[in-house]
$ cat query.txt   # compact mmCIF, C-alpha atoms
# COMPACT_ATOMS: atom_id res chain seq x y z
CA MET A 623 -109.51 75.79 -147.43
CA SER A 624 -109.72 76.90 -143.83
CA VAL A 625 -108.09 79.79 -141.97
CA ALA A 626 -105.16 78.48 -139.94
CA TRP A 627 -104.51 81.83 -138.26
CA THR A 628 -104.66 85.57 -138.77
CA TYR A 629 -101.90 88.13 -138.26
CA THR A 630 -102.77 91.71 -137.34
CA ALA A 631 -99.13 92.72 -136.82
CA PRO A 632 -95.79 91.38 -138.08
CA PRO A 633 -94.68 88.33 -136.07
CA GLU A 634 -91.43 88.59 -134.14
CA GLY A 635 -88.41 88.25 -136.41
CA GLU A 636 -90.20 89.00 -139.68
CA THR A 637 -88.24 91.26 -142.03
CA ARG A 638 -89.48 94.84 -141.95
CA PHE A 639 -89.91 95.62 -145.62
CA ALA A 640 -90.03 99.28 -146.64
CA ALA A 641 -93.05 98.54 -148.84
CA LEU A 642 -95.08 97.68 -145.72
CA GLU A 643 -94.36 100.90 -143.86
CA GLY A 644 -97.61 102.74 -143.18
CA VAL A 645 -99.71 99.83 -144.47
CA ALA A 646 -102.41 98.38 -142.21
CA TYR A 647 -101.02 94.93 -141.48
CA ARG A 648 -103.55 92.14 -141.67
CA ARG A 649 -103.23 88.81 -143.43
CA GLU A 650 -104.65 85.32 -143.18
CA VAL A 651 -102.82 82.06 -143.58
CA ARG A 652 -105.11 79.50 -145.17
CA ARG A 653 -104.60 75.75 -145.10
CA CYS A 654 -105.87 73.22 -147.62
CA ASP A 655 -107.80 70.60 -145.69
CA ALA A 656 -106.96 67.96 -148.32
CA CYS A 657 -103.22 68.40 -148.96
CA ASP A 658 -101.91 70.59 -146.08
CA HIS A 659 -100.74 73.35 -148.42
CA PHE A 660 -100.68 76.84 -146.89
CA THR A 661 -101.23 80.13 -148.73
CA SER A 662 -100.98 83.73 -147.62
CA ARG A 663 -101.18 87.15 -149.24
CA PRO A 664 -99.28 90.20 -147.99
CA PRO A 665 -101.36 93.36 -147.43
CA LEU A 666 -100.12 94.78 -150.78
CA ASP A 667 -99.05 93.60 -154.24
CA PRO A 668 -96.49 90.84 -153.54
CA ASP A 669 -94.19 92.23 -156.23
CA ASP A 670 -93.83 95.43 -154.20
CA LEU A 671 -91.84 93.55 -151.57
CA TYR A 672 -89.12 92.92 -154.15
CA ARG A 673 -89.18 96.33 -155.83
CA GLU A 674 -88.36 98.24 -152.67
CA GLY A 675 -85.15 97.23 -151.00
CA TYR A 676 -85.63 93.49 -150.56
CA VAL A 677 -81.89 92.84 -150.60
CA ASP A 678 -81.21 95.66 -148.14
CA ALA A 679 -84.00 94.56 -145.80
CA THR A 680 -83.04 90.89 -145.95
CA TYR A 681 -79.27 91.11 -145.70
CA GLY A 682 -79.00 94.22 -143.55
CA GLN A 683 -75.87 96.19 -142.78
CA GLY A 684 -72.90 94.90 -144.75
CA GLY A 685 -75.19 93.54 -147.45
CA ILE A 686 -74.58 90.58 -149.69
CA GLU A 687 -70.81 90.30 -149.30
CA ALA A 688 -70.83 90.20 -145.50
CA SER A 689 -73.72 87.73 -145.39
CA PHE A 690 -72.01 85.52 -147.98
CA ARG A 691 -68.77 85.41 -145.98
CA ARG A 692 -70.58 84.68 -142.74
CA ILE A 693 -72.45 81.71 -144.19
CA MET A 694 -69.44 80.32 -146.06
CA GLU A 695 -67.43 80.37 -142.82
CA LEU A 696 -69.95 78.27 -140.88
CA PRO A 697 -68.73 74.79 -139.93
CA PRO A 698 -70.47 72.05 -141.96
CA GLU A 699 -72.56 70.81 -139.04
CA ARG A 700 -74.09 74.27 -138.61
CA SER A 701 -74.59 75.09 -142.27
CA ASP A 702 -77.87 74.43 -144.08
CA ASN A 703 -76.04 75.09 -147.33
CA ARG A 704 -73.19 72.62 -146.79
CA GLN A 705 -75.70 69.89 -146.02
CA ARG A 706 -77.69 70.88 -149.10
CA VAL A 707 -74.62 70.54 -151.28
CA GLU A 708 -73.80 67.10 -149.88
CA ARG A 709 -77.39 65.98 -150.37
CA VAL A 710 -77.39 67.13 -154.00
CA LEU A 711 -73.99 65.64 -154.79
CA ARG A 712 -74.95 62.26 -153.31
CA PHE A 713 -77.93 62.18 -155.65
CA MET A 714 -76.08 63.47 -158.70
CA ASP A 715 -73.20 61.05 -158.20
CA ARG A 716 -75.59 58.34 -159.37
CA ARG A 717 -75.07 59.83 -162.85
CA PRO A 718 -71.29 60.01 -163.16
CA ASP A 719 -71.45 60.54 -166.93
CA ALA A 720 -73.56 63.70 -166.73
CA GLU A 721 -71.74 66.96 -167.48
CA ARG A 722 -71.34 68.88 -164.21
CA ARG A 723 -73.23 72.01 -165.24
CA ALA A 724 -75.83 73.61 -162.93
CA LEU A 725 -78.30 76.48 -163.07
CA ASP A 726 -79.34 78.04 -159.75
CA ILE A 727 -82.52 80.13 -160.09
CA GLY A 728 -83.02 82.91 -157.56
CA SER A 729 -79.44 82.61 -156.37
CA GLY A 730 -79.53 85.37 -153.76
CA LEU A 731 -76.24 85.29 -151.86
CA GLY A 732 -74.74 82.80 -154.31
CA VAL A 733 -73.68 80.44 -151.53
CA PHE A 734 -75.03 77.30 -153.18
CA PRO A 735 -73.51 77.82 -156.66
CA ALA A 736 -70.23 78.90 -155.06
CA ALA A 737 -70.10 75.71 -153.01
CA LEU A 738 -70.97 73.59 -156.05
CA ALA A 739 -68.32 75.33 -158.10
CA GLY A 740 -65.85 74.48 -155.35
CA ARG A 741 -66.65 70.83 -155.99
CA GLY A 742 -65.92 70.99 -159.70
CA TRP A 743 -69.24 72.14 -161.16
CA ARG A 744 -69.76 74.95 -163.66
CA CYS A 745 -72.61 77.09 -162.43
CA ARG A 746 -74.91 79.80 -163.71
CA ALA A 747 -76.63 81.87 -161.05
CA VAL A 748 -79.74 83.79 -162.12
CA ASP A 749 -81.18 86.52 -159.93
CA PRO A 750 -83.34 89.56 -160.80
CA ASP A 751 -81.42 91.83 -158.42
CA PRO A 752 -78.37 93.37 -160.17
CA ARG A 753 -76.32 93.38 -156.95
CA ALA A 754 -76.93 89.68 -156.35
CA ALA A 755 -76.11 88.84 -159.96
CA ALA A 756 -72.93 90.93 -159.94
CA HIS A 757 -71.84 89.32 -156.68
CA ALA A 758 -72.40 85.83 -158.14
CA ASP A 759 -70.50 86.74 -161.29
CA GLY A 760 -67.46 87.56 -159.18
CA LEU A 761 -67.36 84.09 -157.61
CA GLU A 762 -64.91 81.57 -158.97
CA GLY A 763 -66.58 79.08 -161.29
CA VAL A 764 -69.91 80.97 -161.32
CA GLU A 765 -71.52 82.99 -164.11
CA GLY A 766 -73.94 85.53 -162.68
CA VAL A 767 -76.95 86.51 -164.79
CA CYS A 768 -79.24 89.41 -163.89
CA ALA A 769 -82.67 88.40 -165.15
CA ASP A 770 -86.08 87.05 -164.34
CA VAL A 771 -85.74 83.44 -165.46
CA MET A 772 -89.24 83.63 -166.94
CA ASP A 773 -87.82 86.09 -169.49
CA LEU A 774 -84.84 83.91 -170.45
CA ALA A 775 -84.93 81.58 -173.42
CA PRO A 776 -84.42 78.05 -172.07
CA ARG A 777 -81.03 76.49 -172.77
CA ALA A 778 -81.37 72.76 -172.26
CA ASP A 779 -77.81 71.94 -171.25
CA HIS A 780 -77.82 71.71 -167.45
CA ALA A 781 -77.58 68.43 -165.57
CA LEU A 782 -78.99 70.20 -162.50
CA VAL A 783 -81.45 73.06 -162.07
CA SER A 784 -81.96 74.22 -158.49
CA LEU A 785 -84.69 76.30 -156.87
CA ASN A 786 -83.63 76.71 -153.27
CA LYS A 787 -86.26 78.45 -151.14
CA VAL A 788 -87.57 80.30 -154.20
CA ILE A 789 -90.94 79.02 -155.40
CA GLU A 790 -92.69 79.92 -152.15
CA HIS A 791 -92.11 83.59 -153.02
CA VAL A 792 -94.02 83.64 -156.32
CA ASP A 793 -97.68 83.65 -157.28
CA ASP A 794 -97.32 80.74 -159.71
CA PRO A 795 -94.77 78.18 -158.51
CA VAL A 796 -95.92 75.70 -161.16
CA ALA A 797 -95.00 78.08 -163.98
CA LEU A 798 -91.58 78.73 -162.43
CA MET A 799 -90.81 75.02 -162.09
CA ALA A 800 -91.97 74.40 -165.65
CA ARG A 801 -89.70 77.15 -166.96
CA GLY A 802 -86.79 75.80 -164.94
CA ALA A 803 -87.35 72.35 -166.42
CA GLY A 804 -86.77 73.83 -169.86
CA PHE A 805 -83.11 74.35 -168.92
CA LEU A 806 -82.51 70.67 -168.13
CA ALA A 807 -80.38 68.55 -170.40
CA PRO A 808 -81.82 65.12 -171.26
CA GLY A 809 -81.65 63.02 -168.14
CA GLY A 810 -81.27 66.12 -165.95
CA THR A 811 -82.59 66.67 -162.45
CA MET A 812 -84.35 69.56 -160.74
CA TYR A 813 -83.70 70.11 -157.05
CA VAL A 814 -86.28 72.10 -155.10
CA GLU A 815 -86.33 73.20 -151.47
CA VAL A 816 -89.38 74.79 -149.86
CA PRO A 817 -90.62 75.51 -146.35
CA ASP A 818 -92.40 72.54 -144.76
CA GLY A 819 -95.84 73.81 -143.76
CA PRO A 820 -97.09 70.92 -141.62
CA GLY A 821 -93.76 70.70 -139.82
CA ALA A 822 -93.70 74.42 -139.09
CA ALA A 823 -97.37 74.49 -138.11
CA SER A 824 -96.67 71.97 -135.37
CA ASP A 825 -94.59 74.71 -133.71
CA GLY A 826 -97.30 77.38 -134.04
CA PRO A 827 -97.94 80.57 -136.04
CA GLY A 828 -94.75 82.41 -135.08
CA ARG A 829 -92.55 80.31 -137.36
CA GLU A 830 -90.49 82.06 -140.07
CA GLU A 831 -91.89 79.63 -142.64
CA PHE A 832 -95.10 81.69 -142.47
CA PHE A 833 -93.50 85.14 -142.77
CA VAL A 834 -95.06 87.69 -145.10
CA GLU A 835 -92.81 87.01 -148.11
CA HIS A 836 -93.94 83.37 -148.33
CA LEU A 837 -97.06 83.16 -150.49
CA HIS A 838 -96.98 79.35 -150.45
CA VAL A 839 -95.85 76.94 -147.75
CA PHE A 840 -95.82 73.38 -148.99
CA SER A 841 -96.45 69.87 -147.78
CA ALA A 842 -94.74 66.90 -149.40
CA ALA A 843 -98.06 66.13 -151.11
CA SER A 844 -98.67 69.65 -152.43
CA LEU A 845 -95.11 69.94 -153.73
CA ALA A 846 -95.48 66.64 -155.59
CA MET A 847 -98.79 67.81 -157.08
CA ALA A 848 -97.29 71.15 -158.15
CA ALA A 849 -94.32 69.36 -159.69
CA ARG A 850 -96.60 67.04 -161.64
CA ARG A 851 -98.53 70.02 -163.02
CA ALA A 852 -95.17 71.42 -164.13
CA GLY A 853 -94.41 68.19 -166.00
CA LEU A 854 -92.10 66.74 -163.36
CA ASP A 855 -92.11 63.47 -161.44
CA THR A 856 -90.95 63.35 -157.82
CA VAL A 857 -88.03 60.93 -157.63
CA GLU A 858 -86.97 61.51 -154.03
CA VAL A 859 -88.30 63.71 -151.20
CA HIS A 860 -86.98 64.52 -147.72
CA ARG A 861 -88.54 66.32 -144.76
CA LEU A 862 -85.75 68.02 -142.84
CA ARG A 863 -85.08 70.01 -139.71
CA GLU A 864 -82.07 71.99 -140.82
CA PRO A 865 -79.20 73.17 -138.60
CA SER A 866 -80.76 76.66 -138.65
CA GLY A 867 -83.96 75.17 -137.24
CA LYS A 868 -85.95 75.62 -140.46
CA HIS A 869 -88.58 73.04 -141.37
CA THR A 870 -87.79 72.15 -144.98
CA ILE A 871 -88.91 69.84 -147.77
CA ALA A 872 -86.25 68.90 -150.32
CA ALA A 873 -87.20 67.11 -153.51
CA PHE A 874 -85.44 65.73 -156.57
CA LEU A 875 -87.60 65.97 -159.67
CA GLU A 876 -87.26 64.71 -163.23
CA PRO A 877 -89.29 65.46 -166.35
CA VAL A 878 -92.24 63.14 -166.88
CA GLY A 879 -91.18 60.49 -169.37
CA GLY A 880 -87.50 61.20 -168.79
CA ASP A 881 -87.11 64.10 -171.25
CA ALA A 882 -86.34 67.72 -170.34

$ encode --input "query.txt" --output "structure tokens"
Amino acid sequence: MSVAWTYTAPPEGETRFAALEGVAYRREVRRCDACDHFTSRPPLDPDDLYREGYVDATYGQGGIEASFRRIMELPPERSDNRQRVERVLRFMDRRPDAERRALDIGSGLGVFPAALAGRGWRCRAVDPDPRAAAHADGLEGVEGVCADVMDLAPRADHALVSLNKVIEHVDDPVALMARGAGFLAPGGTMYVEVPDGPGAASDGPGREEFFVEHLHVFSAASLAMAARRAGLDTVEVHRLREPSGKHTIAAFLEPVGGDA
């Protein structure tokens, strides 16, 4: 590992989390010289970012409802989410006999499960924040669940399990992917999106992919290695520049040996 760069103050545009107020801000972003995986630690316990007003800090005035409406009203060519849905449905349409049931882990605004539900899927949306879960539960075709998915007993009846911009926020992304795989029905698929570290690094250290809440920033190689450690094979991977400008890696994963 080598130090890619060091921050001594929040970069422009980074969310100002209440947990960081009054804390001396210094953190290093380290890069694996072998696989181009980036890691960073905030200047406090990472869990503190989520205990103290993460939803309020992230979604700002108007909160979840206003942010949800704004994103849902974007035209398809400007919407990361609409393109995500089309990408997932193109892949899943290869299995027309699979029951259209999805589990979205870390659902946040609920935009992805809402859009899937609008295309005929039945969706569960799991989020540890009670406001996010309640919001999801009010969406047509979506069941909102307030929980840490690591505490839920796996229910292996989902054709699709999605982790959209989630595993970069946790200490152990391998454990989270492995738990998510336990919810897959036989023949099911996991869809994962993460920030693309090498792509973002080509634009320099000010990129949002390296903001304080991202403990891991992946390369295609490091995501495939993490998936394999979680018992998943990489079936398809894409490196994207999304309409929002984000550098993103999207991967379709299936349990090793074909069993969930």

$ residues_around --input "query.txt" --residues "Arg801 (chain A)" --least-positions-apart "5" --cutoff "10 Å" --atoms "all atoms listed in the file" --output "CSV table (one decimal) with C-alpha atoms, in the frame of the given file"
chain,number,residue,atom,x,y,z
A,771,VAL,CA,-85.7,83.4,-165.5
A,772,MET,CA,-89.2,83.6,-166.9
A,773,ASP,CA,-87.8,86.1,-169.5
A,774,LEU,CA,-84.8,83.9,-170.4
A,775,ALA,CA,-84.9,81.6,-173.4
A,776,PRO,CA,-84.4,78.0,-172.1
A,795,PRO,CA,-94.8,78.2,-158.5
A,796,VAL,CA,-95.9,75.7,-161.2
A,806,LEU,CA,-82.5,70.7,-168.1
A,852,ALA,CA,-95.2,71.4,-164.1

$ closest_residue --input "query.txt" --among "A:Asp759, A:Asp818, A:Asp855, A:Asp726" --to "Leu785 (chain A)" --atoms "all atoms listed in the file"
A:Asp726

$ closest_residue --input "query.txt" --among "A:Ala756, A:Leu731, A:Ala720, A:Leu837" --to "His780 (chain A)" --atoms "all atoms listed in the file"
A:Ala720

$ residues_around --input "query.txt" --residues "Gly732 (chain A)" --least-positions-apart "4" --cutoff "10 Å" --atoms "all atoms listed in the file" --output "PDB file with C-alpha atoms, in the coordinates of the input"
ATOM      1  CA  ILE A 686     -74.580  90.580-149.690  1.00  0.00           C
ATOM      2  CA  GLU A 687     -70.810  90.300-149.300  1.00  0.00           C
ATOM      3  CA  PHE A 690     -72.010  85.520-147.980  1.00  0.00           C
ATOM      4  CA  ASP A 726     -79.340  78.040-159.750  1.00  0.00           C
ATOM      5  CA  GLY A 728     -83.020  82.910-157.560  1.00  0.00           C
ATOM      6  CA  ALA A 736     -70.230  78.900-155.060  1.00  0.00           C
ATOM      7  CA  ALA A 737     -70.100  75.710-153.010  1.00  0.00           C
ATOM      8  CA  ARG A 746     -74.910  79.800-163.710  1.00  0.00           C
ATOM      9  CA  ALA A 747     -76.630  81.870-161.050  1.00  0.00           C
ATOM     10  CA  VAL A 748     -79.740  83.790-162.120  1.00  0.00           C
ATOM     11  CA  ASP A 749     -81.180  86.520-159.930  1.00  0.00           C
ATOM     12  CA  ALA A 754     -76.930  89.680-156.350  1.00  0.00           C
ATOM     13  CA  ALA A 755     -76.110  88.840-159.960  1.00  0.00           C
ATOM     14  CA  HIS A 757     -71.840  89.320-156.680  1.00  0.00           C
ATOM     15  CA  ALA A 758     -72.400  85.830-158.140  1.00  0.00           C
ATOM     16  CA  ASP A 759     -70.500  86.740-161.290  1.00  0.00           C
ATOM     17  CA  GLY A 760     -67.460  87.560-159.180  1.00  0.00           C
ATOM     18  CA  LEU A 761     -67.360  84.090-157.610  1.00  0.00           C
ATOM     19  CA  VAL A 764     -69.910  80.970-161.320  1.00  0.00           C
ATOM     20  CA  GLY A 766     -73.940  85.530-162.680  1.00  0.00           C
TER      21      GLY A 766
END

$ closest_atom_pairs --input "query.txt" --of "region 678-709 of chain A" --to "region 634-638 of chain A" --cutoff "12 Å" --atoms "only C-alpha atoms" --output "tab-separated table"
residue	atom	partner	partner_atom	distance
A:Asp678	CA	A:Thr637	CA	10.3
A:Ala679	CA	A:Thr637	CA	6.6
A:Thr680	CA	A:Thr637	CA	6.5
A:Tyr681	CA	A:Thr637	CA	9.7
A:Gly682	CA	A:Thr637	CA	9.8

$ closest_residue --input "query.txt" --among "A:Val651, A:Ile693, A:Met847, A:Ala797" --to "Gly826 (chain A)" --atoms "all atoms listed in the file"
A:Val651

$ atom_distance --input "query.txt" --atom1 "CA of Asp779 (chain A)" --atom2 "CA of Ile727 (chain A)"
14.6 Å
